[in-house]
file start.txt (compact mmCIF, C-alpha atoms)
# COMPACT_ATOMS: atom_id res chain seq x y z
CA MET A 1 -94.48 -31.92 32.54
CA PRO A 2 -91.19 -33.23 33.93
CA SER A 3 -91.07 -33.53 37.63
CA GLN A 4 -88.95 -31.32 39.83
CA LYS A 5 -86.58 -34.19 40.45
CA GLN A 6 -85.97 -34.68 36.76
CA VAL A 7 -85.29 -30.98 36.32
CA GLN A 8 -82.73 -30.98 39.09
CA TRP A 9 -81.01 -34.02 37.65
CA ALA A 10 -80.80 -32.38 34.22
CA GLN A 11 -79.37 -29.24 35.78
CA LEU A 12 -76.81 -31.32 37.66
CA ARG A 13 -75.69 -33.07 34.48
CA VAL A 14 -75.33 -29.73 32.71
CA GLY A 15 -73.26 -28.39 35.61
CA ILE A 16 -71.03 -31.48 35.65
CA THR A 17 -70.55 -31.20 31.89
CA VAL A 18 -69.60 -27.52 32.17
CA VAL A 19 -67.11 -28.21 34.97
CA VAL A 20 -65.49 -31.11 33.11
CA ALA A 21 -65.28 -29.04 29.92
CA GLY A 22 -63.73 -26.14 31.86
CA ILE A 23 -61.14 -28.43 33.44
CA ALA A 24 -60.34 -29.98 30.04
CA LEU A 25 -60.04 -26.54 28.47
CA PHE A 26 -57.75 -25.36 31.28
CA VAL A 27 -55.52 -28.40 30.93
CA LEU A 28 -55.45 -28.00 27.14
CA VAL A 29 -54.47 -24.33 27.37
CA LEU A 30 -51.84 -25.16 29.98
CA LEU A 31 -50.37 -27.86 27.76
CA MET A 32 -50.38 -25.56 24.73
CA ASN A 33 -48.62 -22.72 26.57
CA SER A 34 -46.18 -24.89 28.50
CA ASN A 35 -42.78 -26.00 27.20
CA MET A 36 -42.68 -28.94 29.58
CA GLY A 37 -44.92 -31.86 30.36
CA LEU A 38 -47.62 -31.19 32.90
CA PHE A 39 -46.45 -33.82 35.29
CA SER A 40 -42.76 -33.97 34.36
CA LYS A 41 -40.04 -33.22 36.90
CA LYS A 42 -38.73 -29.64 36.88
CA ILE A 43 -35.84 -27.64 38.34
CA VAL A 44 -35.78 -23.96 39.20
CA VAL A 45 -32.64 -21.91 38.42
CA HIS A 46 -31.81 -18.22 38.67
CA GLY A 47 -29.96 -15.85 36.34
CA TYR A 48 -28.94 -12.24 36.81
CA PHE A 49 -28.87 -9.55 34.11
CA SER A 50 -28.12 -5.82 33.97
CA ASN A 51 -31.41 -5.04 32.17
CA ALA A 52 -34.70 -6.91 31.72
CA GLN A 53 -35.11 -5.64 28.11
CA GLY A 54 -38.87 -6.30 28.20
CA LEU A 55 -38.62 -9.86 29.55
CA LYS A 56 -41.86 -10.98 31.23
CA SER A 57 -43.07 -13.95 33.22
CA GLY A 58 -44.15 -16.78 30.94
CA ALA A 59 -41.44 -16.03 28.37
CA PRO A 60 -39.85 -19.18 26.92
CA VAL A 61 -36.45 -20.51 27.92
CA GLU A 62 -34.58 -22.20 25.08
CA LEU A 63 -31.52 -24.43 24.86
CA GLN A 64 -29.75 -23.92 21.54
CA GLY A 65 -33.11 -22.79 20.10
CA VAL A 66 -35.17 -25.65 21.61
CA ALA A 67 -37.83 -24.72 24.24
CA ILE A 68 -37.04 -26.38 27.60
CA GLY A 69 -38.83 -24.16 30.14
CA THR A 70 -40.41 -20.84 31.03
CA VAL A 71 -39.61 -17.69 32.96
CA THR A 72 -41.59 -17.68 36.21
CA ASN A 73 -40.50 -14.38 37.73
CA VAL A 74 -38.61 -11.21 36.83
CA ARG A 75 -37.67 -8.88 39.71
CA ILE A 76 -34.98 -6.58 41.07
CA SER A 77 -32.59 -8.34 43.45
CA ILE A 78 -31.70 -6.62 46.72
CA ASN A 79 -28.59 -8.73 47.19
CA ASP A 80 -25.40 -6.60 47.14
CA LYS A 81 -23.67 -9.49 45.42
CA HIS A 82 -25.49 -8.63 42.19
CA LYS A 83 -25.12 -4.84 42.06
CA ASP A 84 -23.76 -4.97 38.53
CA LYS A 85 -26.62 -7.26 37.42
CA PRO A 86 -29.61 -6.43 39.61
CA VAL A 87 -32.35 -8.06 37.49
CA GLU A 88 -33.09 -11.55 38.84
CA VAL A 89 -34.80 -13.95 36.44
CA THR A 90 -36.29 -17.16 37.83
CA MET A 91 -36.61 -19.99 35.31
CA LYS A 92 -38.38 -23.33 35.58
CA LEU A 93 -36.70 -25.93 33.37
CA GLY A 94 -37.70 -29.43 32.42
CA THR A 95 -35.30 -32.29 33.06
CA LYS A 96 -35.64 -33.81 29.59
CA TYR A 97 -32.43 -32.05 28.52
CA SER A 98 -30.85 -31.91 31.98
CA ALA A 99 -27.77 -33.74 30.65
CA ASP A 100 -27.05 -30.67 28.50
CA LEU A 101 -27.45 -28.13 31.31
CA HIS A 102 -24.21 -27.40 33.14
CA LYS A 103 -23.17 -24.95 35.81
CA ASP A 104 -20.92 -23.20 33.27
CA SER A 105 -23.66 -22.91 30.63
CA VAL A 106 -24.41 -19.28 29.71
CA ALA A 107 -27.89 -17.71 29.68
CA THR A 108 -28.44 -14.77 27.32
CA MET A 109 -31.43 -12.52 26.66
CA ASP A 110 -32.49 -12.45 23.02
CA THR A 111 -35.41 -11.28 20.91
CA ALA A 112 -37.45 -13.17 18.35
CA GLY A 113 -36.76 -11.15 15.23
CA VAL A 114 -36.37 -7.38 15.16
CA LEU A 115 -39.47 -6.48 17.19
CA GLY A 116 -40.28 -9.89 18.71
CA ASP A 117 -40.74 -10.82 22.40
CA THR A 118 -37.72 -11.24 24.65
CA PHE A 119 -36.77 -14.73 25.77
CA ILE A 120 -33.88 -16.56 27.47
CA ASP A 121 -31.46 -18.61 25.39
CA ILE A 122 -29.03 -21.00 27.11
CA ASP A 123 -25.75 -21.87 25.36
CA SER A 124 -24.09 -25.15 26.40
CA GLN A 125 -21.85 -25.75 23.40
CA HIS A 126 -18.66 -25.13 25.38
CA ALA A 127 -19.96 -26.14 28.83
CA THR A 128 -18.15 -29.01 30.55
CA GLY A 129 -18.91 -28.41 34.25
CA GLU A 130 -21.26 -30.17 36.64
CA LEU A 131 -24.94 -30.52 35.81
CA LEU A 132 -27.36 -27.83 36.96
CA ALA A 133 -29.34 -28.65 40.08
CA ASP A 134 -32.50 -27.19 41.50
CA GLY A 135 -31.87 -23.71 42.95
CA ASP A 136 -28.50 -23.17 41.16
CA GLU A 137 -27.45 -19.88 39.62
CA ILE A 138 -26.67 -20.06 35.92
CA PRO A 139 -24.03 -17.67 34.52
CA SER A 140 -25.50 -14.94 32.35
CA LYS A 141 -24.28 -12.60 29.65
CA ASP A 142 -25.90 -9.40 28.46
CA LYS A 143 -26.51 -9.19 24.73
CA ILE A 144 -26.79 -5.93 22.90
CA GLY A 145 -30.37 -5.73 21.74
CA VAL A 146 -31.78 -4.17 18.61
CA VAL A 147 -32.85 -1.08 20.53
CA ASP A 148 -29.34 -0.58 21.95
CA THR A 149 -27.83 -1.03 18.52
CA ALA A 150 -30.29 1.42 17.00
CA GLN A 151 -29.60 3.86 19.82
CA GLY A 152 -25.86 3.67 19.14
CA ALA A 153 -26.47 4.14 15.43
CA ILE A 154 -28.67 7.18 16.16
CA GLU A 155 -25.97 8.68 18.38
CA ASN A 156 -23.36 8.14 15.68
CA LEU A 157 -25.75 9.64 13.13
CA ASN A 158 -26.25 12.67 15.37
CA VAL A 159 -22.47 13.15 15.58
CA ILE A 160 -22.17 12.89 11.79
CA LEU A 161 -25.05 15.32 11.29
CA GLY A 162 -23.37 17.76 13.67
CA GLN A 163 -20.16 17.56 11.67
CA VAL A 164 -22.08 18.03 8.41
CA ASN A 165 -23.85 21.07 9.90
CA GLY A 166 -20.47 22.50 10.87
CA ILE A 167 -19.16 21.98 7.33
CA LEU A 168 -22.27 23.60 5.83
CA ALA A 169 -21.95 26.54 8.23
CA ALA A 170 -18.30 27.00 7.21
CA ILE A 171 -19.30 26.90 3.55
CA GLN A 172 -22.04 29.49 4.13
CA ASN A 173 -19.49 31.69 5.92
CA LYS A 174 -17.24 31.50 2.82
CA GLN A 175 -14.63 29.50 4.70
CA GLY A 176 -12.50 26.77 3.19
CA SER A 177 -11.96 25.87 -0.44
CA ILE A 178 -15.57 24.83 -1.08
CA GLY A 179 -16.92 28.04 0.47
CA LYS A 180 -14.63 30.14 -1.69
CA ILE A 181 -15.58 28.16 -4.77
CA ILE A 182 -19.30 28.77 -4.14
CA TYR A 183 -19.30 32.36 -2.86
CA ASP A 184 -16.04 33.99 -4.04
CA PRO A 185 -16.61 35.62 -7.48
CA THR A 186 -12.85 35.93 -8.05
CA LEU A 187 -12.51 32.20 -8.59
CA VAL A 188 -15.48 32.20 -10.94
CA ASN A 189 -13.98 35.08 -12.92
CA GLN A 190 -10.64 33.28 -13.15
CA ALA A 191 -12.36 30.10 -14.27
CA THR A 192 -14.30 32.07 -16.89
CA LYS A 193 -11.12 33.71 -18.13
CA THR A 194 -9.37 30.34 -18.27
CA LEU A 195 -12.22 28.87 -20.28
CA ALA A 196 -12.08 31.85 -22.65
CA ASP A 197 -8.32 31.39 -23.13
CA LEU A 198 -8.86 27.69 -23.70
CA GLN A 199 -11.57 28.42 -26.28
CA LYS A 200 -9.22 30.87 -28.01
CA LEU A 201 -6.50 28.23 -28.08
CA VAL A 202 -8.92 25.69 -29.56
CA ASN A 203 -9.96 28.20 -32.22
CA GLU A 204 -6.33 28.88 -33.14
CA VAL A 205 -5.61 25.16 -33.38
CA SER A 206 -8.70 24.64 -35.51
CA SER A 207 -7.63 27.45 -37.84
CA GLY A 208 -4.13 25.97 -38.24
CA GLN A 209 -2.26 28.59 -36.21
CA GLY A 210 0.75 27.73 -34.09
CA SER A 211 2.76 24.51 -34.02
CA VAL A 212 -0.14 22.37 -32.82
CA GLY A 213 -2.46 23.94 -35.36
CA LYS A 214 -0.02 23.26 -38.19
CA LEU A 215 0.44 19.73 -36.93
CA ILE A 216 -3.31 19.13 -37.17
CA ALA A 217 -4.35 21.27 -40.17
CA SER A 218 -1.29 21.29 -42.46
CA ASP A 219 -0.52 18.47 -44.89
CA GLU A 220 3.16 19.40 -44.95
CA LEU A 221 4.03 17.22 -41.97
CA TYR A 222 2.20 14.28 -43.53
CA SER A 223 4.03 14.81 -46.79
CA LYS A 224 7.41 14.96 -45.05
CA ALA A 225 6.63 11.85 -43.02
CA ASN A 226 5.46 10.08 -46.18
CA GLY A 227 8.65 11.14 -48.01
CA THR A 228 10.81 9.95 -45.12
CA ILE A 229 9.08 6.58 -45.15
CA ASP A 230 9.67 6.34 -48.91
CA ARG A 231 13.39 7.02 -48.45
CA VAL A 232 13.59 4.44 -45.69
CA ASN A 233 11.90 1.91 -47.97
CA ARG A 234 14.39 2.69 -50.78
CA LEU A 235 17.27 2.33 -48.33
CA LEU A 236 15.95 -1.03 -47.21
CA ASP A 237 15.57 -2.08 -50.85
CA ASP A 238 19.20 -1.12 -51.54
CA VAL A 239 20.33 -3.08 -48.49
CA GLU A 240 18.25 -6.03 -49.61
CA GLN A 241 19.86 -5.84 -53.08
CA GLY A 242 23.38 -5.63 -51.61
CA LYS A 243 24.02 -2.01 -52.59
CA GLY A 244 26.16 0.31 -50.52
CA THR A 245 28.29 -0.50 -47.47
CA ALA A 246 25.36 -1.74 -45.40
CA GLY A 247 24.07 -3.83 -48.32
CA LYS A 248 27.48 -5.42 -48.86
CA PHE A 249 27.83 -6.07 -45.15
CA VAL A 250 24.48 -7.86 -45.17
CA LYS A 251 24.64 -9.61 -48.55
CA ASP A 252 28.32 -9.98 -49.54
CA PRO A 253 29.81 -13.19 -48.07
CA ALA A 254 33.32 -11.78 -48.58
CA VAL A 255 32.73 -9.37 -45.71
CA TYR A 256 31.81 -12.27 -43.46
CA ASN A 257 34.85 -14.25 -44.65
CA ASN A 258 37.19 -11.29 -44.06
CA LEU A 259 35.70 -10.71 -40.64
CA ASN A 260 36.02 -14.41 -39.82
CA GLU A 261 39.66 -14.44 -40.99
CA THR A 262 40.38 -11.31 -38.94
CA LEU A 263 38.87 -12.90 -35.87
CA THR A 264 40.91 -16.06 -36.49
CA GLU A 265 44.14 -14.08 -36.83
CA ALA A 266 43.29 -12.05 -33.73
CA LYS A 267 42.65 -15.31 -31.90
CA ASP A 268 46.03 -16.69 -33.05
CA LEU A 269 47.74 -13.43 -32.04
CA ILE A 270 46.18 -13.50 -28.59
CA GLY A 271 47.11 -17.18 -28.28
CA GLY A 272 50.75 -16.37 -29.16
CA ILE A 273 50.81 -13.54 -26.64
CA ASN A 274 49.44 -15.87 -23.96
CA LYS A 275 52.20 -18.37 -24.82
CA GLY A 276 54.89 -15.64 -24.58
CA HIS A 277 55.75 -15.44 -28.28
CA GLY A 278 57.06 -12.17 -29.76
CA THR A 279 57.64 -8.83 -28.10
CA LEU A 280 54.09 -8.54 -26.83
CA GLY A 281 54.27 -12.10 -25.53
CA LEU A 282 57.51 -11.35 -23.69
CA MET A 283 55.97 -8.18 -22.24
CA ALA A 284 52.93 -10.13 -21.10
CA ARG A 285 54.63 -13.33 -19.88
CA ASP A 286 58.35 -12.56 -19.14
CA GLN A 287 58.73 -11.71 -15.45
CA ALA A 288 62.27 -10.38 -15.93
CA PHE A 289 61.07 -7.95 -18.60
CA ALA A 290 58.23 -6.86 -16.34
CA LYS A 291 60.73 -6.32 -13.52
CA ARG A 292 62.94 -4.19 -15.77
CA ILE A 293 59.93 -2.06 -16.71
CA ASP A 294 59.06 -1.74 -13.02
CA ASP A 295 62.66 -0.73 -12.17
CA THR A 296 62.67 1.83 -14.97
CA ALA A 297 59.37 3.28 -13.73
CA ALA A 298 60.80 3.43 -10.19
CA ARG A 299 63.94 5.27 -11.39
CA LEU A 300 61.82 7.66 -13.44
CA GLN A 301 59.68 8.28 -10.36
CA SER A 302 62.87 9.00 -8.33
CA ILE A 303 64.10 11.50 -10.99
CA LEU A 304 60.72 13.24 -11.01
CA THR A 305 60.78 13.40 -7.20
CA ASN A 306 64.26 15.01 -7.23
CA LEU A 307 63.10 17.51 -9.84
CA ASP A 308 60.05 18.33 -7.74
CA GLN A 309 62.27 18.81 -4.66
CA GLY A 310 64.70 21.10 -6.58
CA LYS A 311 67.67 18.73 -6.51
CA GLY A 312 70.30 18.76 -9.32
CA SER A 313 70.72 21.25 -12.14
CA ALA A 314 67.36 20.49 -13.67
CA GLY A 315 65.70 20.72 -10.25
CA LYS A 316 67.37 24.08 -9.54
CA PHE A 317 66.40 25.28 -12.97
CA LEU A 318 62.79 24.46 -12.15
CA HIS A 319 62.72 25.82 -8.59
CA ASP A 320 65.74 28.25 -8.12
CA ASP A 321 64.76 31.74 -9.26
CA ALA A 322 68.40 32.97 -9.18
CA PHE A 323 69.51 30.21 -11.54
CA TYR A 324 66.66 31.07 -13.85
CA ASN A 325 67.43 34.80 -13.69
CA ASP A 326 71.16 34.25 -14.42
CA THR A 327 70.33 32.00 -17.34
CA ASP A 328 67.85 34.53 -18.65
CA LYS A 329 70.41 37.33 -18.24
CA LEU A 330 73.06 35.27 -20.08
CA MET A 331 70.63 34.67 -22.93
CA VAL A 332 69.82 38.38 -23.13
CA GLU A 333 73.52 39.36 -23.20
CA SER A 334 74.22 36.70 -25.83
CA ARG A 335 71.45 38.12 -28.03
CA ASN A 336 72.85 41.65 -27.53
CA LEU A 337 76.37 40.48 -28.46
CA ILE A 338 75.13 38.76 -31.59
CA GLN A 339 73.16 41.86 -32.51
CA ALA A 340 76.24 44.08 -32.01
CA ILE A 341 78.41 41.76 -34.15
CA ARG A 342 75.83 41.90 -36.92
CA GLU A 343 75.77 45.69 -36.79
CA ASN A 344 79.57 46.21 -36.67
CA PRO A 345 81.44 43.04 -37.55
CA LYS A 346 84.76 44.85 -38.17
CA LYS A 347 84.93 45.93 -34.58
CA TYR A 348 84.81 42.42 -33.28
CA LEU A 349 86.31 40.31 -36.09
CA THR A 350 89.52 42.44 -36.89
CA ILE A 351 92.82 40.64 -36.18
CA ASN A 352 95.76 42.84 -35.09
CA MET A 353 99.19 41.28 -35.53
CA LYS A 354 102.38 42.80 -34.09
CA ILE A 355 105.93 41.73 -34.94
CA PHE A 356 108.46 42.16 -32.23

call {"tool": "encode", "arguments": {"input": "start.txt", "output": "structure tokens"}}
result
Amino acid sequence: MPSQKQVQWAQLRVGITVVVAGIALFVLVLLMNSNMGLFSKKIVVHGYFSNAQGLKSGAPVELQGVAIGTVTNVRISINDKHKDKPVEVTMKLGTKYSADLHKDSVATMDTAGVLGDTFIDIDSQHATGELLADGDEIPSKDKIGVVDTAQGAIENLNVILGQVNGILAAIQNKQGSIGKIIYDPTLVNQATKTLADLQKLVNEVSSGQGSVGKLIASDELYSKANGTIDRVNRLLDDVEQGKGTAGKFVKDPAVYNNLNETLTEAKDLIGGINKGHGTLGLMARDQAFAKRIDDTAARLQSILTNLDQGKGSAGKFLHDDAFYNDTDKLMVESRNLIQAIRENPKKYLTINMKIF
């Protein structure tokens, strides 16, 4: 049997082995769960948020998606300076990427996926300030989480459902056009009557009644259209053969020659007029002749003005009622005298001669 001393030594070796294994396991777990080296230099910074959104100690801190530290504490700040953002988050960051951490970098809460854990993400893409130091406060920005978005969507959905319920209630109360369509029998009766009238119209058209029915069922219109097309074809044939006025105009070169000669003569005539030849040329080009015409028109305008104003015999005749009445009376008496002479010419045409 082993001695008591040997047993104690064996127990001591087992104990030492267990302790060493426990220390190794602790260090291994710490290294696996840590985003920084075990003995690397670290800085502690603080950020303030309006809501923790499920953030817990030990949550990772990332820089542009790369893990650089962990959250060491999440608590409510009692400092009045942070009333709007009372949640204080303490973060321990490694200095491996310290050159990318600035005092104007922005820390934001985010979630891994839809239902993942909350973590801190630092954005330094637009940061140009001084480098972060131990104990500094990093600017923060709240990000609308999935839960907040879903809550807003639910609220909007509730509003929409309320509006839909109101519309359905109005329809059930026979209000509005849709309510009347569903519950008012008058509209259904009118629709039924309209359909019946439409069916009657279709039956009449199918049986060849009315203008539309005759258009569809009767061959007369087709025959007339066919006859018209035949006449048009014959007319085109006559034109093509040079028959008739249109055919001669198209086919007979004499028509073209006559038209060309007429256009040439008209061109010569217009050219002569432009050069001042002939009466028309003088009228178009002679300034003295144009002035005489203008003077004549002016005199004629003066005569018409005097007539309109009642000047002269003609003007008085047009405007003086007394002159018109005297003239009319003279004409009447002259007609009476002529009538009397015709009835008794001896009375007026007898010549009495006396010899002294």

call {"tool": "atom_distance", "arguments": {"input": "start.txt", "atom1": "CA of Thr72 in chain A", "atom2": "CA of Lys42 in chain A"}}
result
12.3 Å

call {"tool": "closest_residue", "arguments": {"input": "start.txt", "among": "A:Ala107, A:Leu63, A:Leu131, A:Ala10", "to": "Tyr48 in chain A", "atoms": "all atoms listed in the file"}}
result
A:Ala107

call {"tool": "residues_near_point", "arguments": {"input": "start.txt", "point": "(-25.7, -23.1, 36.1)", "cutoff": "8 Å", "atoms": "only C-alpha atoms", "output": "ChimeraX atom specification"}}
result
/A:45,101-106,131-133,136-139

call {"tool": "atom_distance", "arguments": {"input": "start.txt", "atom1": "CA of Glu130 in chain A", "atom2": "CA of Pro86 in chain A"}}
result
25.3 Å

call {"tool": "atom_distance", "arguments": {"input": "start.txt", "atom1": "CA of Ser206 in chain A", "atom2": "CA of Asn189 in chain A"}}
result
25.4 Å

call {"tool": "residues_around", "arguments": {"input": "start.txt", "residues": "Asp84 in chain A", "least_positions_apart": "2", "cutoff": "10 Å", "atoms": "all atoms listed in the file", "output": "list in words"}}
result
Tyr48, Phe49, Ser50, Asn51, Asp80, Lys81, His82, Pro86 and Val87 of chain A

call {"tool": "residues_around", "arguments": {"input": "start.txt", "residues": "Glu62 in chain A", "least_positions_apart": "5", "cutoff": "9 Å", "atoms": "all atoms listed in the file", "output": "number ranges by chain"}}
result
A: 67-70, 119-123

call {"tool": "write_last_selection", "arguments": {"input": "start.txt", "atoms": "C-alpha atoms", "output": "short mmCIF file (atom, residue, chain, number, x, y, z; two decimals), in the frame of the given file"}}
result
data_model
loop_
_atom_site.label_atom_id
_atom_site.label_comp_id
_atom_site.auth_asym_id
_atom_site.auth_seq_id
_atom_site.Cartn_x
_atom_site.Cartn_y
_atom_site.Cartn_z
CA ALA A 67 -37.83 -24.72 24.24
CA ILE A 68 -37.04 -26.38 27.60
CA GLY A 69 -38.83 -24.16 30.14
CA THR A 70 -40.41 -20.84 31.03
CA PHE A 119 -36.77 -14.73 25.77
CA ILE A 120 -33.88 -16.56 27.47
CA ASP A 121 -31.46 -18.61 25.39
CA ILE A 122 -29.03 -21.00 27.11
CA ASP A 123 -25.75 -21.87 25.36
#

call {"tool": "residues_around", "arguments": {"input": "start.txt", "residues": "Asp308 in chain A", "least_positions_apart": "6", "cutoff": "10 Å", "atoms": "all atoms listed in the file", "output": "list in words"}}
result
Ser302, Ala314, Gly315, Lys316, Leu318 and His319 of chain A
